[in-house]
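*Asks:* Provided herewith: work.cif, mmCIF, N, CA and C atoms.
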data_upload
#
loop_
_atom_site.label_atom_id
_atom_site.label_comp_id
_atom_site.auth_asym_id
_atom_site.auth_seq_id
_atom_site.Cartn_x
_atom_site.Cartn_y
_atom_site.Cartn_z
N MET V 1 -8.78 -14.10 22.21
CA MET V 1 -8.97 -12.96 23.08
C MET V 1 -10.47 -12.64 23.12
N THR V 2 -10.91 -12.05 24.21
CA THR V 2 -12.30 -11.62 24.30
C THR V 2 -12.39 -10.15 24.64
N TYR V 3 -13.46 -9.53 24.17
CA TYR V 3 -13.78 -8.14 24.47
C TYR V 3 -15.24 -8.08 24.89
N LYS V 4 -15.56 -7.11 25.72
CA LYS V 4 -16.95 -6.89 26.10
C LYS V 4 -17.47 -5.63 25.43
N VAL V 5 -18.73 -5.71 25.01
CA VAL V 5 -19.42 -4.60 24.37
C VAL V 5 -20.68 -4.32 25.18
N ALA V 6 -20.96 -3.04 25.44
CA ALA V 6 -22.17 -2.63 26.14
C ALA V 6 -23.20 -2.17 25.11
N VAL V 7 -24.43 -2.64 25.26
CA VAL V 7 -25.49 -2.35 24.30
C VAL V 7 -26.60 -1.57 24.99
N ALA V 8 -26.89 -0.38 24.47
CA ALA V 8 -27.98 0.45 25.01
C ALA V 8 -29.28 0.01 24.35
N SER V 9 -30.05 -0.79 25.09
CA SER V 9 -31.26 -1.37 24.54
C SER V 9 -32.29 -1.59 25.64
N THR V 10 -33.54 -1.37 25.31
CA THR V 10 -34.60 -1.63 26.28
C THR V 10 -34.97 -3.11 26.31
N ASP V 11 -34.67 -3.82 25.22
CA ASP V 11 -35.14 -5.21 25.13
C ASP V 11 -34.03 -6.23 24.82
N GLY V 12 -32.80 -5.77 24.58
CA GLY V 12 -31.71 -6.67 24.25
C GLY V 12 -31.76 -7.18 22.82
N ILE V 13 -32.74 -6.74 22.05
CA ILE V 13 -32.90 -7.20 20.67
C ILE V 13 -32.50 -6.11 19.68
N VAL V 14 -32.92 -4.89 19.97
CA VAL V 14 -32.65 -3.75 19.10
C VAL V 14 -31.84 -2.71 19.88
N ILE V 15 -30.84 -2.14 19.24
CA ILE V 15 -30.09 -1.03 19.85
C ILE V 15 -30.99 0.20 19.68
N ASN V 16 -31.74 0.54 20.72
CA ASN V 16 -32.79 1.55 20.59
C ASN V 16 -32.75 2.64 21.65
N GLN V 17 -31.63 2.79 22.33
CA GLN V 17 -31.54 3.78 23.38
C GLN V 17 -30.48 4.83 23.07
N HIS V 18 -30.84 6.07 23.33
CA HIS V 18 -29.88 7.18 23.31
C HIS V 18 -28.97 6.97 24.52
N PHE V 19 -27.68 7.21 24.36
CA PHE V 19 -26.75 6.99 25.47
C PHE V 19 -27.22 7.67 26.75
N GLY V 20 -27.59 8.93 26.64
CA GLY V 20 -27.97 9.70 27.83
C GLY V 20 -29.25 9.26 28.49
N HIS V 21 -30.08 8.48 27.79
CA HIS V 21 -31.36 8.02 28.34
C HIS V 21 -31.30 6.59 28.85
N ALA V 22 -30.23 5.89 28.57
CA ALA V 22 -30.12 4.48 28.95
C ALA V 22 -30.11 4.31 30.46
N GLU V 23 -30.89 3.36 30.92
CA GLU V 23 -30.95 3.01 32.34
C GLU V 23 -30.32 1.64 32.59
N ARG V 24 -29.90 1.00 31.50
CA ARG V 24 -29.23 -0.30 31.60
C ARG V 24 -28.44 -0.55 30.32
N PHE V 25 -27.41 -1.33 30.46
CA PHE V 25 -26.63 -1.77 29.31
C PHE V 25 -26.54 -3.29 29.35
N HIS V 26 -26.84 -3.92 28.23
CA HIS V 26 -26.68 -5.35 28.08
C HIS V 26 -25.23 -5.59 27.66
N ILE V 27 -24.59 -6.55 28.29
CA ILE V 27 -23.18 -6.82 28.01
C ILE V 27 -23.07 -8.08 27.15
N VAL V 28 -22.34 -7.92 26.04
CA VAL V 28 -22.08 -9.03 25.13
C VAL V 28 -20.58 -9.24 25.08
N GLU V 29 -20.16 -10.48 25.24
CA GLU V 29 -18.74 -10.82 25.18
C GLU V 29 -18.44 -11.38 23.80
N LEU V 30 -17.42 -10.82 23.16
CA LEU V 30 -17.00 -11.26 21.83
C LEU V 30 -15.73 -12.09 21.95
N ASN V 31 -15.73 -13.26 21.36
CA ASN V 31 -14.54 -14.10 21.32
C ASN V 31 -13.91 -13.93 19.95
N THR V 32 -12.74 -13.32 19.90
CA THR V 32 -12.10 -13.02 18.62
C THR V 32 -11.38 -14.22 18.03
N ASP V 33 -11.19 -15.28 18.81
CA ASP V 33 -10.53 -16.48 18.30
C ASP V 33 -11.47 -17.29 17.40
N ASP V 34 -12.71 -17.49 17.87
CA ASP V 34 -13.66 -18.27 17.08
C ASP V 34 -14.81 -17.43 16.51
N LEU V 35 -14.70 -16.11 16.67
CA LEU V 35 -15.69 -15.15 16.13
C LEU V 35 -17.11 -15.46 16.58
N THR V 36 -17.25 -15.69 17.89
CA THR V 36 -18.56 -15.92 18.48
C THR V 36 -18.85 -14.85 19.52
N SER V 37 -20.09 -14.80 19.94
CA SER V 37 -20.49 -13.84 20.97
C SER V 37 -21.50 -14.50 21.90
N LYS V 38 -21.59 -13.93 23.11
CA LYS V 38 -22.61 -14.40 24.05
C LYS V 38 -22.99 -13.25 24.99
N TYR V 39 -24.26 -13.21 25.32
CA TYR V 39 -24.77 -12.27 26.32
C TYR V 39 -24.25 -12.73 27.67
N THR V 40 -23.76 -11.78 28.50
CA THR V 40 -23.27 -12.17 29.82
C THR V 40 -24.08 -11.59 30.97
N ASP V 41 -24.52 -10.34 30.86
CA ASP V 41 -25.31 -9.75 31.94
C ASP V 41 -25.91 -8.41 31.52
N THR V 42 -26.73 -7.87 32.39
CA THR V 42 -27.31 -6.54 32.19
C THR V 42 -26.93 -5.70 33.40
N ARG V 43 -26.43 -4.49 33.14
CA ARG V 43 -25.97 -3.62 34.23
C ARG V 43 -26.81 -2.35 34.29
N PRO V 44 -27.43 -2.11 35.42
CA PRO V 44 -28.20 -0.87 35.58
C PRO V 44 -27.27 0.33 35.76
N VAL V 45 -27.69 1.47 35.24
CA VAL V 45 -26.96 2.74 35.41
C VAL V 45 -27.99 3.85 35.65
N ASN V 46 -27.53 4.93 36.23
CA ASN V 46 -28.37 6.12 36.32
C ASN V 46 -28.28 6.87 35.01
N ARG V 47 -29.41 7.38 34.56
CA ARG V 47 -29.43 8.14 33.30
C ARG V 47 -28.46 9.31 33.38
N VAL V 48 -27.69 9.48 32.33
CA VAL V 48 -26.75 10.60 32.25
C VAL V 48 -27.49 11.90 31.98
N CYS V 49 -28.51 11.83 31.14
CA CYS V 49 -29.27 13.01 30.75
C CYS V 49 -30.43 13.23 31.72
N GLN V 50 -30.40 14.34 32.40
CA GLN V 50 -31.48 14.75 33.30
C GLN V 50 -32.06 16.03 32.73
N GLY V 51 -33.09 15.89 31.89
CA GLY V 51 -33.56 17.05 31.13
C GLY V 51 -32.54 17.32 30.06
N HIS V 52 -31.99 18.49 30.05
CA HIS V 52 -30.92 18.80 29.11
C HIS V 52 -29.61 19.04 29.85
N GLU V 53 -29.56 18.57 31.09
CA GLU V 53 -28.38 18.76 31.92
C GLU V 53 -27.54 17.48 31.96
N HIS V 54 -26.23 17.64 31.94
CA HIS V 54 -25.30 16.53 32.05
C HIS V 54 -24.19 16.95 33.01
N SER V 55 -23.56 15.97 33.60
CA SER V 55 -22.41 16.29 34.44
C SER V 55 -21.33 15.24 34.22
N GLU V 56 -20.09 15.65 34.40
CA GLU V 56 -18.99 14.71 34.25
C GLU V 56 -19.13 13.57 35.24
N SER V 57 -19.63 13.85 36.43
CA SER V 57 -19.76 12.78 37.42
C SER V 57 -20.77 11.72 36.97
N ALA V 58 -21.81 12.12 36.24
CA ALA V 58 -22.78 11.14 35.72
C ALA V 58 -22.12 10.28 34.65
N PHE V 59 -21.33 10.91 33.76
CA PHE V 59 -20.60 10.14 32.75
C PHE V 59 -19.62 9.17 33.42
N ASP V 60 -18.91 9.68 34.41
CA ASP V 60 -17.90 8.87 35.09
C ASP V 60 -18.53 7.68 35.81
N ALA V 61 -19.74 7.85 36.35
CA ALA V 61 -20.43 6.75 37.02
C ALA V 61 -20.76 5.64 36.02
N VAL V 62 -21.20 6.01 34.82
CA VAL V 62 -21.48 5.02 33.78
C VAL V 62 -20.17 4.35 33.36
N LEU V 63 -19.13 5.15 33.18
CA LEU V 63 -17.83 4.57 32.81
C LEU V 63 -17.32 3.59 33.87
N GLU V 64 -17.56 3.88 35.11
CA GLU V 64 -17.15 2.97 36.19
C GLU V 64 -17.91 1.65 36.07
N THR V 65 -19.21 1.73 35.82
CA THR V 65 -20.02 0.52 35.66
C THR V 65 -19.57 -0.30 34.45
N LEU V 66 -19.08 0.39 33.43
CA LEU V 66 -18.66 -0.27 32.19
C LEU V 66 -17.14 -0.33 32.06
N SER V 67 -16.44 -0.35 33.17
CA SER V 67 -14.98 -0.22 33.15
C SER V 67 -14.27 -1.36 32.43
N ASP V 68 -14.90 -2.51 32.29
CA ASP V 68 -14.28 -3.65 31.60
C ASP V 68 -14.76 -3.80 30.16
N VAL V 69 -15.46 -2.78 29.67
CA VAL V 69 -16.05 -2.81 28.33
C VAL V 69 -15.16 -2.04 27.37
N SER V 70 -15.05 -2.53 26.13
CA SER V 70 -14.22 -1.87 25.12
C SER V 70 -14.99 -0.92 24.22
N ALA V 71 -16.29 -1.18 24.04
CA ALA V 71 -17.09 -0.36 23.12
C ALA V 71 -18.53 -0.32 23.59
N ILE V 72 -19.21 0.78 23.23
CA ILE V 72 -20.62 0.96 23.56
C ILE V 72 -21.39 1.11 22.26
N LEU V 73 -22.50 0.37 22.14
CA LEU V 73 -23.38 0.48 20.99
C LEU V 73 -24.64 1.23 21.42
N VAL V 74 -24.93 2.33 20.75
CA VAL V 74 -26.08 3.17 21.09
C VAL V 74 -26.88 3.49 19.83
N ALA V 75 -28.14 3.86 20.02
CA ALA V 75 -28.94 4.33 18.89
C ALA V 75 -28.53 5.74 18.51
N LYS V 76 -28.18 6.54 19.52
CA LYS V 76 -27.82 7.95 19.30
C LYS V 76 -26.98 8.41 20.49
N ILE V 77 -26.10 9.38 20.22
CA ILE V 77 -25.32 10.00 21.29
C ILE V 77 -24.92 11.39 20.80
N GLY V 78 -24.93 12.35 21.68
CA GLY V 78 -24.51 13.70 21.33
C GLY V 78 -23.01 13.76 21.14
N GLN V 79 -22.55 14.73 20.37
CA GLN V 79 -21.13 14.86 20.08
C GLN V 79 -20.30 15.10 21.33
N GLY V 80 -20.80 15.92 22.24
CA GLY V 80 -20.06 16.18 23.48
C GLY V 80 -19.90 14.93 24.32
N ALA V 81 -20.96 14.15 24.44
CA ALA V 81 -20.89 12.90 25.20
C ALA V 81 -19.94 11.92 24.53
N SER V 82 -20.04 11.81 23.23
CA SER V 82 -19.16 10.91 22.48
C SER V 82 -17.70 11.31 22.66
N ASP V 83 -17.42 12.59 22.52
CA ASP V 83 -16.05 13.09 22.69
C ASP V 83 -15.53 12.79 24.09
N TYR V 84 -16.38 13.00 25.11
CA TYR V 84 -15.95 12.77 26.48
C TYR V 84 -15.64 11.29 26.70
N LEU V 85 -16.52 10.41 26.26
CA LEU V 85 -16.30 8.98 26.45
C LEU V 85 -15.05 8.52 25.72
N GLU V 86 -14.88 9.00 24.49
CA GLU V 86 -13.70 8.60 23.73
C GLU V 86 -12.41 9.16 24.34
N SER V 87 -12.49 10.33 24.99
CA SER V 87 -11.31 10.87 25.67
C SER V 87 -10.90 10.01 26.85
N LYS V 88 -11.84 9.20 27.33
CA LYS V 88 -11.58 8.28 28.45
C LYS V 88 -11.26 6.87 27.97
N GLY V 89 -11.11 6.71 26.65
CA GLY V 89 -10.70 5.42 26.10
C GLY V 89 -11.83 4.51 25.67
N MET V 90 -13.07 4.99 25.70
CA MET V 90 -14.21 4.17 25.32
C MET V 90 -14.59 4.47 23.87
N LEU V 91 -14.76 3.43 23.06
CA LEU V 91 -15.24 3.62 21.69
C LEU V 91 -16.76 3.55 21.68
N VAL V 92 -17.37 4.43 20.91
CA VAL V 92 -18.83 4.50 20.83
C VAL V 92 -19.25 4.36 19.38
N TYR V 93 -20.23 3.49 19.15
CA TYR V 93 -20.77 3.29 17.80
C TYR V 93 -22.26 3.58 17.81
N GLU V 94 -22.67 4.53 16.98
CA GLU V 94 -24.10 4.77 16.76
C GLU V 94 -24.58 3.72 15.76
N SER V 95 -25.39 2.81 16.21
CA SER V 95 -25.86 1.73 15.35
C SER V 95 -27.26 1.31 15.75
N PRO V 96 -28.27 2.06 15.32
CA PRO V 96 -29.65 1.78 15.71
C PRO V 96 -30.26 0.62 14.90
N PHE V 97 -29.71 -0.56 15.10
CA PHE V 97 -30.12 -1.73 14.35
C PHE V 97 -30.30 -2.91 15.30
N LEU V 98 -30.57 -4.08 14.76
CA LEU V 98 -30.68 -5.29 15.58
C LEU V 98 -29.32 -5.60 16.22
N VAL V 99 -29.34 -5.95 17.49
CA VAL V 99 -28.10 -6.25 18.22
C VAL V 99 -27.32 -7.34 17.50
N ASP V 100 -27.98 -8.45 17.16
CA ASP V 100 -27.28 -9.57 16.53
C ASP V 100 -26.61 -9.17 15.23
N ALA V 101 -27.27 -8.34 14.43
CA ALA V 101 -26.71 -7.92 13.15
C ALA V 101 -25.47 -7.05 13.36
N VAL V 102 -25.50 -6.17 14.34
CA VAL V 102 -24.35 -5.30 14.62
C VAL V 102 -23.19 -6.12 15.17
N ILE V 103 -23.48 -7.03 16.09
CA ILE V 103 -22.43 -7.89 16.64
C ILE V 103 -21.80 -8.72 15.52
N GLU V 104 -22.63 -9.26 14.64
CA GLU V 104 -22.12 -10.04 13.50
C GLU V 104 -21.20 -9.19 12.62
N LYS V 105 -21.58 -7.94 12.39
CA LYS V 105 -20.77 -7.02 11.57
C LYS V 105 -19.43 -6.71 12.27
N ILE V 106 -19.49 -6.48 13.58
CA ILE V 106 -18.26 -6.22 14.34
C ILE V 106 -17.30 -7.40 14.21
N LEU V 107 -17.83 -8.61 14.35
CA LEU V 107 -16.99 -9.80 14.25
C LEU V 107 -16.46 -9.99 12.83
N LYS V 108 -17.33 -9.82 11.84
CA LYS V 108 -16.94 -10.01 10.43
C LYS V 108 -15.85 -9.02 10.02
N ASP V 109 -16.02 -7.76 10.43
CA ASP V 109 -15.09 -6.70 10.04
C ASP V 109 -13.91 -6.54 11.01
N LYS V 110 -13.90 -7.33 12.09
CA LYS V 110 -12.83 -7.30 13.10
C LYS V 110 -12.55 -5.86 13.56
N LEU V 111 -13.62 -5.20 14.01
CA LEU V 111 -13.49 -3.81 14.43
C LEU V 111 -12.52 -3.61 15.59
N TRP V 112 -12.33 -4.63 16.41
CA TRP V 112 -11.38 -4.48 17.53
C TRP V 112 -9.97 -4.24 17.00
N GLU V 113 -9.68 -4.74 15.81
CA GLU V 113 -8.38 -4.48 15.19
C GLU V 113 -8.38 -3.14 14.47
N ALA V 114 -9.42 -2.90 13.67
CA ALA V 114 -9.49 -1.67 12.87
C ALA V 114 -9.49 -0.43 13.74
N ASP V 115 -10.24 -0.48 14.85
CA ASP V 115 -10.39 0.69 15.72
C ASP V 115 -9.49 0.64 16.95
N LYS V 116 -8.64 -0.38 17.04
CA LYS V 116 -7.68 -0.51 18.13
C LYS V 116 -8.35 -0.47 19.51
N TRP V 117 -9.28 -1.40 19.71
CA TRP V 117 -9.98 -1.49 20.99
C TRP V 117 -8.99 -1.75 22.13
N ARG V 118 -9.36 -1.23 23.28
CA ARG V 118 -8.59 -1.47 24.52
C ARG V 118 -9.37 -2.46 25.38
N TYR V 119 -8.76 -2.84 26.46
CA TYR V 119 -9.40 -3.63 27.51
C TYR V 119 -9.84 -5.04 27.10
N PRO V 120 -8.99 -5.82 26.45
CA PRO V 120 -9.38 -7.22 26.25
C PRO V 120 -9.53 -7.88 27.61
N THR V 121 -10.44 -8.83 27.74
CA THR V 121 -10.68 -9.44 29.04
C THR V 121 -9.73 -10.59 29.32
N LYS V 122 -9.17 -11.21 28.28
CA LYS V 122 -8.14 -12.23 28.50
C LYS V 122 -7.31 -12.39 27.24
N ASN V 123 -6.10 -12.92 27.42
CA ASN V 123 -5.19 -13.12 26.28
C ASN V 123 -5.21 -14.55 25.83
#
Could you write out this file's structure as structure tokens?
*Replies:*
Amino acid sequence: MTYKVAVASTDGIVINQHFGHAERFHIVELNTDDLTSKYTDTRPVNRVCQGHEHSESAFDAVLETLSDVSAILVAKIGQGASDYLESKGMLVYESPFLVDAVIEKILKDKLWEADKWRYPTKN
């Protein structure tokens, strides 16, 4: 089975973006059969945070762009944003580390099973 993970990063190397400030998400596909991963694409989004203002429609636009993703990796996210995304079925992990190290940890610990990820891309 495969799952897609969205990574909030300016360079695709380090998870270094706050969810609300991200203007793009790098998409990594995880293969749970052979425990491998691969970068698939980068998706632009409009920033959710405009000053200190947020709107549900901004969150929903990002969710639409990431509709086939099971989890989001961010450097930081506010509790309200995290709660909203999780209420819509999206798992969020604050992990301000190297992308490869976090992906390796997800695969090693089989987080898709532990956290009951949704939206596998194929069976």
*Asks:* Could you give me, as a PyMOL selection string, the residues within 10 Å of V:Val14, counting only C-alpha atoms and dropping anything in the same chain fewer than 5 positions from it?
*Replies:* chain V and resi 7-9+74-75+95-102
*Asks:* Once the PyMOL selection byres ((chain V and resi 90) around 7) is applied to the coordinates I shared, what remains selected? I want it as a list in words.
*Replies:*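 Selected by the PyMOL selection byres ((chain V and resi 90) around 7) in this file: Val69, Ser70, Ala71, Ile72, Tyr84, Leu85, Glu86, Ser87, Lys88, Gly89, Leu91 and Val92 of chain V.
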*Asks:* Which residues, written as a list in words, have at least one atom at most 8 Å from V:Val62, with only N, CA and C atoms counted and residues fewer than 5 positions away on the same chain left out?
*Replies:*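 Using only N, CA and C atoms, the neighbours found are Pro44, Val45, Asn46, Val48, Glu56, Ser57 and Ser67 of chain V.
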*Asks:* Take the residues just selected and output them with N, CA and C atoms as a PDB file, keeping the file's coordinate frame.
*Replies:*
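Writing done, so here's selection-v6.pdb:
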ATOM      1  N   PRO V  44     -27.430  -2.110  35.420  1.00  0.00           N
ATOM      2  CA  PRO V  44     -28.200  -0.870  35.580  1.00  0.00           C
ATOM      3  C   PRO V  44     -27.270   0.330  35.760  1.00  0.00           C
ATOM      4  N   VAL V  45     -27.690   1.470  35.240  1.00  0.00           N
ATOM      5  CA  VAL V  45     -26.960   2.740  35.410  1.00  0.00           C
ATOM      6  C   VAL V  45     -27.990   3.850  35.650  1.00  0.00           C
ATOM      7  N   ASN V  46     -27.530   4.930  36.230  1.00  0.00           N
ATOM      8  CA  ASN V  46     -28.370   6.120  36.320  1.00  0.00           C
ATOM      9  C   ASN V  46     -28.280   6.870  35.010  1.00  0.00           C
ATOM     10  N   VAL V  48     -27.690   9.480  32.330  1.00  0.00           N
ATOM     11  CA  VAL V  48     -26.750  10.600  32.250  1.00  0.00           C
ATOM     12  C   VAL V  48     -27.490  11.900  31.980  1.00  0.00           C
ATOM     13  N   GLU V  56     -20.090  15.650  34.400  1.00  0.00           N
ATOM     14  CA  GLU V  56     -18.990  14.710  34.250  1.00  0.00           C
ATOM     15  C   GLU V  56     -19.130  13.570  35.240  1.00  0.00           C
ATOM     16  N   SER V  57     -19.630  13.850  36.430  1.00  0.00           N
ATOM     17  CA  SER V  57     -19.760  12.780  37.420  1.00  0.00           C
ATOM     18  C   SER V  57     -20.770  11.720  36.970  1.00  0.00           C
ATOM     19  N   SER V  67     -16.440  -0.350  33.170  1.00  0.00           N
ATOM     20  CA  SER V  67     -14.980  -0.220  33.150  1.00  0.00           C
ATOM     21  C   SER V  67     -14.270  -1.360  32.430  1.00  0.00           C
TER      22      SER V  67
END
*Asks:* Enumerate, as a ChimeraX atom specification, the complete set of residues in stretch 18-116 of chain V that a backbone-based DSSP assignment places in helix (DSSP H, G or I).
*Replies:* /V:19-21,56-65,79-87,99-109,111-114
*Asks:* Write down as JSON, numbers by chain the residues of chain V whose backbone DSSP state falls under strand (DSSP E).
*Replies:* {"V": [2, 3, 4, 5, 6, 7, 24, 25, 26, 27, 28, 29, 30, 31, 36, 37, 38, 39, 40, 41, 42, 43, 44, 71, 72, 73, 74, 91, 92, 93, 94]}
*Asks:* Please save N, CA and C atoms of the selected residues as a PDB file, in the coordinates of the input.
*Replies:*
ATOM      1  N   THR V   2     -10.910 -12.050  24.210  1.00  0.00           N
ATOM      2  CA  THR V   2     -12.300 -11.620  24.300  1.00  0.00           C
ATOM      3  C   THR V   2     -12.390 -10.150  24.640  1.00  0.00           C
ATOM      4  N   TYR V   3     -13.460  -9.530  24.170  1.00  0.00           N
ATOM      5  CA  TYR V   3     -13.780  -8.140  24.470  1.00  0.00           C
ATOM      6  C   TYR V   3     -15.240  -8.080  24.890  1.00  0.00           C
ATOM      7  N   LYS V   4     -15.560  -7.110  25.720  1.00  0.00           N
ATOM      8  CA  LYS V   4     -16.950  -6.890  26.100  1.00  0.00           C
ATOM      9  C   LYS V   4     -17.470  -5.630  25.430  1.00  0.00           C
ATOM     10  N   VAL V   5     -18.730  -5.710  25.010  1.00  0.00           N
ATOM     11  CA  VAL V   5     -19.420  -4.600  24.370  1.00  0.00           C
ATOM     12  C   VAL V   5     -20.680  -4.320  25.180  1.00  0.00           C
ATOM     13  N   ALA V   6     -20.960  -3.040  25.440  1.00  0.00           N
ATOM     14  CA  ALA V   6     -22.170  -2.630  26.140  1.00  0.00           C
ATOM     15  C   ALA V   6     -23.200  -2.170  25.110  1.00  0.00           C
ATOM     16  N   VAL V   7     -24.430  -2.640  25.260  1.00  0.00           N
ATOM     17  CA  VAL V   7     -25.490  -2.350  24.300  1.00  0.00           C
ATOM     18  C   VAL V   7     -26.600  -1.570  24.990  1.00  0.00           C
ATOM     19  N   ARG V  24     -29.900   1.000  31.500  1.00  0.00           N
ATOM     20  CA  ARG V  24     -29.230  -0.300  31.600  1.00  0.00           C
ATOM     21  C   ARG V  24     -28.440  -0.550  30.320  1.00  0.00           C
ATOM     22  N   PHE V  25     -27.410  -1.330  30.460  1.00  0.00           N
ATOM     23  CA  PHE V  25     -26.630  -1.770  29.310  1.00  0.00           C
ATOM     24  C   PHE V  25     -26.540  -3.290  29.350  1.00  0.00           C
ATOM     25  N   HIS V  26     -26.840  -3.920  28.230  1.00  0.00           N
ATOM     26  CA  HIS V  26     -26.680  -5.350  28.080  1.00  0.00           C
ATOM     27  C   HIS V  26     -25.230  -5.590  27.660  1.00  0.00           C
ATOM     28  N   ILE V  27     -24.590  -6.550  28.290  1.00  0.00           N
ATOM     29  CA  ILE V  27     -23.180  -6.820  28.010  1.00  0.00           C
ATOM     30  C   ILE V  27     -23.070  -8.080  27.150  1.00  0.00           C
ATOM     31  N   VAL V  28     -22.340  -7.920  26.040  1.00  0.00           N
ATOM     32  CA  VAL V  28     -22.080  -9.030  25.130  1.00  0.00           C
ATOM     33  C   VAL V  28     -20.580  -9.240  25.080  1.00  0.00           C
ATOM     34  N   GLU V  29     -20.160 -10.480  25.240  1.00  0.00           N
ATOM     35  CA  GLU V  29     -18.740 -10.820  25.180  1.00  0.00           C
ATOM     36  C   GLU V  29     -18.440 -11.380  23.800  1.00  0.00           C
ATOM     37  N   LEU V  30     -17.420 -10.820  23.160  1.00  0.00           N
ATOM     38  CA  LEU V  30     -17.000 -11.260  21.830  1.00  0.00           C
ATOM     39  C   LEU V  30     -15.730 -12.090  21.950  1.00  0.00           C
ATOM     40  N   ASN V  31     -15.730 -13.260  21.360  1.00  0.00           N
ATOM     41  CA  ASN V  31     -14.540 -14.100  21.320  1.00  0.00           C
ATOM     42  C   ASN V  31     -13.910 -13.930  19.950  1.00  0.00           C
ATOM     43  N   THR V  36     -17.250 -15.690  17.890  1.00  0.00           N
ATOM     44  CA  THR V  36     -18.560 -15.920  18.480  1.00  0.00           C
ATOM     45  C   THR V  36     -18.850 -14.850  19.520  1.00  0.00           C
ATOM     46  N   SER V  37     -20.090 -14.800  19.940  1.00  0.00           N
ATOM     47  CA  SER V  37     -20.490 -13.840  20.970  1.00  0.00           C
ATOM     48  C   SER V  37     -21.500 -14.500  21.900  1.00  0.00           C
ATOM     49  N   LYS V  38     -21.590 -13.930  23.110  1.00  0.00           N
ATOM     50  CA  LYS V  38     -22.610 -14.400  24.050  1.00  0.00           C
ATOM     51  C   LYS V  38     -22.990 -13.250  24.990  1.00  0.00           C
ATOM     52  N   TYR V  39     -24.260 -13.210  25.320  1.00  0.00           N
ATOM     53  CA  TYR V  39     -24.770 -12.270  26.320  1.00  0.00           C
ATOM     54  C   TYR V  39     -24.250 -12.730  27.670  1.00  0.00           C
ATOM     55  N   THR V  40     -23.760 -11.780  28.500  1.00  0.00           N
ATOM     56  CA  THR V  40     -23.270 -12.170  29.820  1.00  0.00           C
ATOM     57  C   THR V  40     -24.080 -11.590  30.970  1.00  0.00           C
ATOM     58  N   ASP V  41     -24.520 -10.340  30.860  1.00  0.00           N
ATOM     59  CA  ASP V  41     -25.310  -9.750  31.940  1.00  0.00           C
ATOM     60  C   ASP V  41     -25.910  -8.410  31.520  1.00  0.00           C
ATOM     61  N   THR V  42     -26.730  -7.870  32.390  1.00  0.00           N
ATOM     62  CA  THR V  42     -27.310  -6.540  32.190  1.00  0.00           C
ATOM     63  C   THR V  42     -26.930  -5.700  33.400  1.00  0.00           C
ATOM     64  N   ARG V  43     -26.430  -4.490  33.140  1.00  0.00           N
ATOM     65  CA  ARG V  43     -25.970  -3.620  34.230  1.00  0.00           C
ATOM     66  C   ARG V  43     -26.810  -2.350  34.290  1.00  0.00           C
ATOM     67  N   PRO V  44     -27.430  -2.110  35.420  1.00  0.00           N
ATOM     68  CA  PRO V  44     -28.200  -0.870  35.580  1.00  0.00           C
ATOM     69  C   PRO V  44     -27.270   0.330  35.760  1.00  0.00           C
ATOM     70  N   ALA V  71     -16.290  -1.180  24.040  1.00  0.00           N
ATOM     71  CA  ALA V  71     -17.090  -0.360  23.120  1.00  0.00           C
ATOM     72  C   ALA V  71     -18.530  -0.320  23.590  1.00  0.00           C
ATOM     73  N   ILE V  72     -19.210   0.780  23.230  1.00  0.00           N
ATOM     74  CA  ILE V  72     -20.620   0.960  23.560  1.00  0.00           C
ATOM     75  C   ILE V  72     -21.390   1.110  22.260  1.00  0.00           C
ATOM     76  N   LEU V  73     -22.500   0.370  22.140  1.00  0.00           N
ATOM     77  CA  LEU V  73     -23.380   0.480  20.990  1.00  0.00           C
ATOM     78  C   LEU V  73     -24.640   1.230  21.420  1.00  0.00           C
ATOM     79  N   VAL V  74     -24.930   2.330  20.750  1.00  0.00           N
ATOM     80  CA  VAL V  74     -26.080   3.170  21.090  1.00  0.00           C
ATOM     81  C   VAL V  74     -26.880   3.490  19.830  1.00  0.00           C
ATOM     82  N   LEU V  91     -14.760   3.430  23.060  1.00  0.00           N
ATOM     83  CA  LEU V  91     -15.240   3.620  21.690  1.00  0.00           C
ATOM     84  C   LEU V  91     -16.760   3.550  21.680  1.00  0.00           C
ATOM     85  N   VAL V  92     -17.370   4.430  20.910  1.00  0.00           N
ATOM     86  CA  VAL V  92     -18.830   4.500  20.830  1.00  0.00           C
ATOM     87  C   VAL V  92     -19.250   4.360  19.380  1.00  0.00           C
ATOM     88  N   TYR V  93     -20.230   3.490  19.150  1.00  0.00           N
ATOM     89  CA  TYR V  93     -20.770   3.290  17.800  1.00  0.00           C
ATOM     90  C   TYR V  93     -22.260   3.580  17.810  1.00  0.00           C
ATOM     91  N   GLU V  94     -22.670   4.530  16.980  1.00  0.00           N
ATOM     92  CA  GLU V  94     -24.100   4.770  16.760  1.00  0.00           C
ATOM     93  C   GLU V  94     -24.580   3.720  15.760  1.00  0.00           C
TER      94      GLU V  94
END
